[in-house]
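Okay, query_14.tsv is below, TSV, C-alpha atoms:
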chain	number	residue	atom	x	y	z
B	7	MET	CA	116.43	109.89	93.34
B	8	THR	CA	118.44	109.09	96.37
B	9	GLY	CA	116.53	106.24	97.93
B	10	PRO	CA	118.15	103.26	99.56
B	11	GLU	CA	118.09	101.36	96.26
B	12	MET	CA	120.84	103.65	95.11
B	13	ASN	CA	123.21	102.43	97.78
B	14	LEU	CA	123.15	98.73	97.06
B	15	ASP	CA	126.68	98.66	95.76
B	16	ASP	CA	129.88	99.94	97.23
B	17	ASP	CA	130.78	101.55	93.94
B	18	PRO	CA	128.83	104.80	93.69
B	19	LEU	CA	129.03	104.69	89.92
B	20	GLU	CA	127.66	101.18	89.69
B	21	GLN	CA	124.09	102.34	89.14
B	22	VAL	CA	125.17	104.28	86.11
B	23	PHE	CA	127.35	101.45	84.82
B	24	ALA	CA	124.46	99.02	85.23
B	25	ALA	CA	122.15	101.28	83.23
B	26	ALA	CA	124.75	101.49	80.48
B	27	ARG	CA	125.19	97.71	80.42
B	28	ARG	CA	121.45	97.25	80.01
B	29	ALA	CA	121.38	99.82	77.23
B	30	ALA	CA	124.08	98.08	75.18
B	31	PRO	CA	123.47	98.26	71.42
B	32	VAL	CA	122.29	95.14	69.62
B	33	PRO	CA	123.53	94.31	66.11
B	34	SER	CA	121.03	94.98	63.36
B	35	GLU	CA	120.00	92.25	60.97
B	36	ALA	CA	121.69	94.14	58.16
B	37	LEU	CA	124.98	94.25	60.04
B	38	LEU	CA	124.85	90.52	60.76
B	39	ALA	CA	124.15	89.84	57.10
B	40	ARG	CA	127.10	91.99	56.00
B	41	ILE	CA	129.42	90.22	58.40
B	42	LEU	CA	128.29	86.82	57.18
B	43	ALA	CA	128.83	87.94	53.61
B	44	ASP	CA	132.39	88.87	54.59
B	45	ALA	CA	132.79	85.46	56.22
B	46	GLU	CA	131.78	83.81	53.00
B	47	ASP	CA	134.21	85.89	50.96
B	48	ALA	CA	137.07	85.25	53.35
B	49	MET	CA	136.43	81.57	53.99
B	50	PRO	CA	139.83	79.93	53.45
B	51	ALA	CA	138.50	76.68	52.05
B	52	ARG	CA	136.60	78.55	49.39
B	53	SER	CA	139.32	80.93	48.32
B	54	ALA	CA	140.28	78.77	45.34
B	55	SER	CA	136.74	78.35	44.08
B	56	ARG	CA	134.69	81.44	44.70
B	57	ASP	CA	130.95	80.84	44.41
B	58	PRO	CA	131.28	77.51	42.60
B	59	ALA	CA	127.58	76.86	42.24
B	60	ARG	CA	127.38	79.73	39.78
B	61	ARG	CA	130.25	78.48	37.64
B	62	ALA	CA	130.29	75.98	34.84
B	63	PRO	CA	130.54	72.54	36.40
B	64	ALA	CA	133.39	71.60	34.08
B	65	ARG	CA	135.71	73.92	35.98
B	66	GLY	CA	135.43	71.60	38.93
B	67	GLY	CA	136.47	74.09	41.57
B	68	PHE	CA	133.76	73.06	43.96
B	69	LEU	CA	134.61	69.38	43.51
B	70	ARG	CA	138.30	70.00	44.03
B	71	TRP	CA	137.49	71.91	47.17
B	72	LEU	CA	135.70	68.87	48.54
B	73	GLY	CA	138.49	66.57	47.47
B	74	ALA	CA	136.51	64.90	44.72
B	75	PRO	CA	138.17	63.92	41.41
B	76	ALA	CA	138.36	66.63	38.82
B	77	GLY	CA	137.29	66.19	35.23
B	78	TRP	CA	133.69	65.40	35.85
B	79	GLY	CA	132.58	67.81	33.21
B	80	ALA	CA	130.21	65.41	31.52
B	81	VAL	CA	128.25	64.85	34.67
B	82	GLY	CA	129.15	68.13	36.22
B	83	GLY	CA	125.63	69.35	36.78
B	84	LEU	CA	124.56	66.21	38.57
B	85	ALA	CA	127.80	65.99	40.51
B	86	THR	CA	127.57	69.57	41.63
B	87	ALA	CA	124.02	69.07	42.79
B	88	THR	CA	124.99	65.92	44.67
B	89	VAL	CA	127.96	67.47	46.36
B	90	ALA	CA	125.92	70.52	47.19
B	91	GLY	CA	123.60	68.11	48.97
B	92	LEU	CA	126.54	66.82	50.96
B	93	TRP	CA	127.34	70.38	51.89
B	94	PHE	CA	123.79	70.83	53.12
B	95	GLY	CA	124.22	68.07	55.63
B	96	TYR	CA	127.77	68.94	56.53
B	97	ALA	CA	127.11	72.57	57.23
B	98	GLY	CA	123.72	72.04	58.77
B	99	LEU	CA	122.43	74.90	56.69
B	100	GLY	CA	120.38	73.06	54.21
B	101	ASP	CA	116.90	74.20	55.00
B	102	ALA	CA	115.46	77.21	53.32
B	103	ASP	CA	114.82	78.94	56.61
B	104	ALA	CA	118.47	79.14	57.62
B	105	LEU	CA	118.85	82.75	56.70
B	106	ALA	CA	115.46	83.65	58.03
B	107	ARG	CA	116.36	82.12	61.38
B	108	LEU	CA	119.62	83.97	61.39
B	109	VAL	CA	118.25	87.40	60.78
B	110	GLY	CA	114.96	86.89	62.55
B	111	VAL	CA	112.55	87.41	59.69
B	112	ASP	CA	109.77	85.19	58.46
B	113	ALA	CA	110.91	84.49	54.96
B	114	VAL	CA	114.15	84.20	53.09
B	115	ALA	CA	112.72	86.42	50.41
B	116	GLY	CA	112.47	89.22	52.92
B	117	ALA	CA	115.91	88.63	54.24
B	118	THR	CA	117.59	88.66	50.86
B	119	ASP	CA	116.64	92.28	50.50
B	120	LEU	CA	119.23	92.95	53.16
B	121	LEU	CA	122.03	91.36	51.23
B	122	PRO	CA	123.92	93.47	48.76
B	123	GLY	CA	124.54	91.54	45.59
B	124	GLY	CA	122.74	88.48	46.87
B	125	ASP	CA	125.98	86.52	47.24
B	126	THR	CA	125.28	85.48	50.78
B	127	VAL	CA	122.19	83.46	50.05
B	128	PRO	CA	124.00	80.51	48.48
B	129	PHE	CA	126.42	80.54	51.37
B	130	LEU	CA	123.71	80.43	53.97
B	131	ALA	CA	121.36	78.11	52.20
B	132	GLY	CA	123.91	75.61	51.09
B	133	TRP	CA	124.80	76.93	47.65
B	134	GLU	CA	121.55	76.25	45.98
B	135	GLY	CA	122.37	77.28	42.45
X	54	MET	CA	117.10	88.04	66.55
X	55	PRO	CA	119.92	85.59	67.22
X	56	MET	CA	119.00	81.99	67.70
X	57	PRO	CA	119.32	80.81	71.27
X	58	LEU	CA	120.55	77.45	70.02
X	59	ASP	CA	123.44	79.13	68.27
X	60	LEU	CA	124.34	81.20	71.28
X	61	ASP	CA	124.13	78.16	73.52
X	62	ASP	CA	126.45	76.09	71.35
X	63	PRO	CA	128.92	74.51	73.78
X	64	ARG	CA	131.86	74.63	71.39
X	65	SER	CA	134.50	77.24	72.19
X	66	ASP	CA	135.29	80.16	69.94
X	67	ASP	CA	138.63	78.47	69.28
X	68	VAL	CA	137.01	75.32	67.96
X	69	LEU	CA	134.50	77.23	65.88
X	70	LEU	CA	137.19	79.37	64.32
X	71	ALA	CA	139.10	76.26	63.34
X	72	LEU	CA	135.94	74.78	61.82
X	73	TYR	CA	135.35	77.98	59.88
X	74	GLY	CA	138.90	77.72	58.61
X	75	GLN	CA	138.00	74.30	57.28
X	76	GLY	CA	135.01	75.64	55.42
X	77	ASP	CA	132.22	75.22	57.94
X	78	GLY	CA	129.70	77.99	57.30
X	79	SER	CA	127.64	77.17	60.38
X	80	ALA	CA	130.68	77.94	62.54
X	81	ALA	CA	130.86	81.39	60.96
X	82	ARG	CA	127.22	81.93	61.76
X	83	ILE	CA	127.65	81.04	65.42
X	84	LEU	CA	130.77	83.16	65.78
X	85	THR	CA	128.98	86.05	64.14
X	86	LEU	CA	126.07	85.86	66.53
X	87	ARG	CA	128.36	85.40	69.50
X	88	LEU	CA	131.03	88.00	68.83
X	89	THR	CA	129.42	90.76	66.80
X	90	PRO	CA	127.59	92.16	69.85
X	91	VAL	CA	130.91	92.40	71.67
X	92	ALA	CA	132.58	94.31	68.86
X	93	LEU	CA	129.58	96.55	68.36
X	94	ARG	CA	129.06	97.60	71.95
X	95	VAL	CA	132.74	98.22	72.64
X	96	GLY	CA	133.02	100.14	69.40
X	97	GLN	CA	129.99	102.23	70.32
X	98	ARG	CA	131.39	103.03	73.74
X	99	MET	CA	134.79	103.93	72.40
X	100	LEU	CA	133.56	106.00	69.47
X	101	GLY	CA	130.22	107.32	70.70
X	102	ASP	CA	128.78	106.93	67.21
X	103	ALA	CA	126.43	104.12	66.23
X	104	ALA	CA	127.14	104.11	62.50
X	105	GLU	CA	130.87	104.21	62.99
X	106	ALA	CA	130.62	101.45	65.57
X	107	GLU	CA	128.86	99.25	63.01
X	108	ASP	CA	131.66	99.83	60.51
X	109	LEU	CA	134.21	99.05	63.16
X	110	ALA	CA	132.43	95.84	64.19
X	111	GLN	CA	132.32	94.67	60.59
X	112	GLU	CA	135.98	95.47	60.10
X	113	ALA	CA	136.96	93.66	63.30
X	114	MET	CA	134.99	90.58	62.32
X	115	LEU	CA	136.57	90.61	58.86
X	116	ARG	CA	139.97	90.54	60.51
X	117	LEU	CA	138.81	87.56	62.52
X	118	TRP	CA	137.81	85.69	59.37
X	119	ARG	CA	141.14	86.48	57.80
X	120	ALA	CA	143.02	85.38	60.90
X	121	ALA	CA	141.36	81.96	60.90
X	122	PRO	CA	143.90	80.11	58.72
X	123	GLY	CA	146.81	81.04	60.96
X	124	TRP	CA	144.98	80.79	64.26
X	125	GLN	CA	146.87	78.92	66.96
X	126	PRO	CA	144.43	76.90	69.09
X	127	GLY	CA	145.11	77.07	72.79
X	128	GLY	CA	146.74	80.47	72.57
X	129	ALA	CA	145.03	83.76	73.24
X	130	LYS	CA	141.28	83.61	73.67
X	131	VAL	CA	139.42	84.62	70.55
X	132	SER	CA	137.42	87.15	72.52
X	133	THR	CA	140.58	88.68	73.99
X	134	TRP	CA	142.04	88.93	70.50
X	135	LEU	CA	138.84	90.56	69.25
X	136	TYR	CA	138.76	93.09	72.07
X	137	ARG	CA	142.31	94.07	71.19
X	138	VAL	CA	141.48	94.46	67.51
X	139	VAL	CA	138.40	96.54	68.33
X	140	MET	CA	140.40	98.79	70.62
X	141	ASN	CA	143.14	99.25	68.04
X	142	LEU	CA	140.64	100.05	65.32
X	143	ALA	CA	138.84	102.47	67.62
X	144	THR	CA	142.10	104.18	68.50
X	145	ASP	CA	142.94	104.59	64.82
X	146	ARG	CA	139.57	106.14	64.12
X	147	LEU	CA	139.80	108.45	67.12
X	148	ARG	CA	143.22	109.63	66.00
X	149	ARG	CA	141.87	110.45	62.59
X	150	ARG	CA	139.10	112.57	63.98
X	151	ARG	CA	141.06	113.98	66.89
X	152	THR	CA	140.50	117.63	67.55
X	153	VAL	CA	141.58	117.81	71.17
X	154	PRO	CA	144.78	116.65	72.87
X	155	LEU	CA	144.81	113.08	74.22
X	156	ASP	CA	144.83	114.03	77.87
X	157	GLU	CA	142.21	116.68	77.68
X	158	GLY	CA	138.58	116.13	77.06
X	159	PRO	CA	135.72	118.37	76.12
X	160	GLU	CA	133.78	120.08	78.81
X	161	PRO	CA	131.44	117.70	80.56
X	162	GLU	CA	127.78	117.90	79.65
X	163	ASP	CA	126.68	117.96	83.24
X	164	ALA	CA	125.15	121.40	82.96
X	165	ARG	CA	122.55	120.42	80.41
X	166	PRO	CA	119.47	122.54	80.99
X	167	GLY	CA	116.14	120.96	81.71
X	168	ALA	CA	117.50	118.08	83.69
X	169	VAL	CA	115.03	116.88	86.26
X	170	ALA	CA	115.10	114.50	89.14
X	171	GLY	CA	113.97	110.99	88.37
X	172	LEU	CA	116.04	110.63	85.25
X	173	ILE	CA	115.00	107.55	83.35
X	174	GLU	CA	117.46	104.75	82.83
X	175	ALA	CA	118.14	105.61	79.20
X	176	GLU	CA	119.26	109.03	80.30
X	177	ARG	CA	121.60	107.50	82.83
X	178	ALA	CA	123.16	105.47	80.08
X	179	ALA	CA	123.38	108.49	77.82
X	180	ALA	CA	124.96	110.56	80.57
X	181	LEU	CA	127.58	107.90	81.12
X	182	GLU	CA	128.28	107.64	77.41
X	183	ALA	CA	128.84	111.39	77.21
X	184	ALA	CA	131.07	111.32	80.26
X	185	LEU	CA	133.03	108.37	78.87
X	186	MET	CA	133.66	110.21	75.62
X	187	ALA	CA	135.17	113.05	77.62
X	188	LEU	CA	137.79	110.75	79.15
X	189	PRO	CA	141.23	110.22	77.64
X	190	ASP	CA	141.17	107.19	75.35
X	191	ARG	CA	143.19	104.84	77.52
X	192	GLN	CA	141.14	105.58	80.60
X	193	ARG	CA	137.97	105.03	78.61
X	194	GLU	CA	139.30	101.70	77.32
X	195	ALA	CA	140.09	100.52	80.82
X	196	VAL	CA	136.77	101.60	82.30
X	197	VAL	CA	134.75	100.11	79.45
X	198	LEU	CA	136.52	96.78	79.67
X	199	ARG	CA	136.37	96.64	83.47
X	200	HIS	CA	132.96	98.00	84.30
X	201	LEU	CA	130.90	97.58	81.16
X	202	GLU	CA	132.39	94.38	79.74
X	203	GLY	CA	133.12	92.93	83.17
X	204	LEU	CA	136.60	91.67	82.35
X	205	ALA	CA	139.22	90.91	84.96
X	206	ASN	CA	142.25	93.15	85.21
X	207	PRO	CA	144.74	90.54	83.89
X	208	GLU	CA	142.71	90.11	80.69
X	209	ILE	CA	142.39	93.88	80.34
X	210	ALA	CA	146.13	94.14	80.75
X	211	GLU	CA	146.59	91.63	77.93
X	212	ILE	CA	144.18	93.49	75.68
X	213	MET	CA	145.74	96.87	76.35
X	214	GLY	CA	149.32	95.66	76.32
X	215	VAL	CA	150.14	97.03	79.77
X	216	GLY	CA	150.66	95.65	83.24
X	217	VAL	CA	147.89	94.96	85.73
X	218	GLU	CA	148.97	97.87	87.90
X	219	ALA	CA	148.67	100.22	84.97
X	220	VAL	CA	145.16	98.92	84.37
X	221	GLU	CA	144.23	99.55	87.98
X	222	SER	CA	145.56	103.08	87.70
X	223	LEU	CA	143.75	103.78	84.44
X	224	VAL	CA	140.48	102.46	85.84
X	225	ALA	CA	140.82	104.50	89.01
X	226	ARG	CA	141.65	107.69	87.14
X	227	GLY	CA	138.89	107.05	84.66
X	228	LYS	CA	136.34	106.59	87.38
X	229	ARG	CA	137.46	109.76	89.12
X	230	GLY	CA	137.01	111.58	85.84
X	231	LEU	CA	133.55	110.11	85.38
X	232	ALA	CA	132.57	111.04	88.92
X	233	GLN	CA	133.66	114.62	88.34
X	234	ARG	CA	131.80	114.86	85.08
X	235	LEU	CA	128.64	113.34	86.50
X	236	ALA	CA	128.78	115.25	89.75
X	237	GLY	CA	126.51	118.01	88.52
X	238	ARG	CA	123.82	115.45	87.77
X	239	ARG	CA	124.33	113.40	90.87
X	240	GLU	CA	120.84	113.65	92.20
X	241	GLU	CA	119.02	113.01	88.96
X	242	LEU	CA	121.27	110.06	88.15
X	243	GLY	CA	120.84	108.52	91.55
X	244	TYR	CA	124.52	108.80	91.97
X	245	ASP	CA	125.56	109.77	95.45
X	246	GLY	CA	129.25	109.13	95.14
X	247	THR	CA	131.81	110.92	97.20
Here is the file; what I need is its structure written in the form of structure tokens.
Amino acid sequence: MTGPEMNLDDDPLEQVFAAARRAAPVPSEALLARILADAEDAMPARSASRDPARRAPARGGFLRWLGAPAGWGAVGGLATATVAGLWFGYAGLGDADALARLVGVDAVAGATDLLPGGDTVPFLAGWEG
Amino acid sequence: MPMPLDLDDPRSDDVLLALYGQGDGSAARILTLRLTPVALRVGQRMLGDAAEAEDLAQEAMLRLWRAAPGWQPGGAKVSTWLYRVVMNLATDRLRRRRTVPLDEGPEPEDARPGAVAGLIEAERAAALEAALMALPDRQREAVVLRHLEGLANPEIAEIMGVGVEAVESLVARGKRGLAQRLAGRREELGYDGT
């Protein structure tokens, strides 16, 4: 294969480089999900209240994280749900298809199979408890 | 597959990393979609192993998340920082598995039997990957960053922690090495270099 198309560039290796660039690997959905799970775990603002939606509301970690008053134990469930709603809007991740859009599958249920331990789903979908 | 809207987000990596540091999960998602391919492909080209490249990409991105709280906006580009982390992680892994001296590589695979003219593009890429793996690590780094990632020499110098002249030298030597290793397959690769 030594036609004129092989001499388009001054660099004789460019044809091979170009082929390699086009053959670059693409991250798998599973890898992207693992990396997002790591992002959730490492998120600085959450370090003091890991996975708050799964904790008793009286602990108030989630509320403290958002700067809300602590000691809302009596209305903790409602408060948590409300603030979770705020998070939906703030993060722009509130719809149920967020994860599906991320990993390119049709349903969240399918995508969750990719997530070890299932901890990433609340992160992506806005901490729906 | 990644969302085009995420990839087209006009905010810089710097801004997104700061937002992530403030608890913005959507910023993490955009950074993941934007930067994971970089870490993965450079890892693959440095290590020549897809599974190991995935591990490396995940580790590099984890370091990014952990660096977020102390990130200094306006300093080094996030992508430059990530390239450096990927290269350092790759070097560590290569050292652990090293079986040949740094400045010697395995014999080139240019004598593979059954090669025919009209090699398809995938084979070109595979041939280059094999030839790259036969280069000394630093030459491979420089060639990957220059010719596969398309970075300018000053940024490569920053990533590799050397001067621009050293980068030029590493690239030139690396390309000579590649040309030698691919010479036996010149015709089938459509490579007519002299």
For CA of Ser34 (chain B) and CA of Val197 (chain X), determine how far apart the two atoms are, in Å to one decimal place.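 Between CA of Ser34 (chain B) and CA of Val197 (chain X) the gap works out to 21.8 Å.
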Selected residue of minimal separation from chain B among X:Ala210, X:Leu88, X:Val215, X:Ala129, counting only C-alpha atoms: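 Nearest to chain B: X:Leu88.
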Skipping near chain neighbours, those fewer than 6 positions away, what residues fall within 7 Å of Gln192 (chain X) using all atoms listed in the file, listed as a ChimeraX atom specification? /X:223-224,226-227
Interatomic distance, CA of Arg150 (chain X) to CA of Arg98 (chain X) (Å, one decimal):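 A separation of 15.7 Å between them.
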From the set X:Asn206, X:Ser65, X:Gln233, X:Ser222, which residue has the shortest atom-to-atom contact distance to Gly127 (chain X), counting all atoms listed in the file? X:Ser65
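Pairwise distance (CA of Ile41 (chain B), CA of Ala143 (chain X)) equals 18.0 Å.
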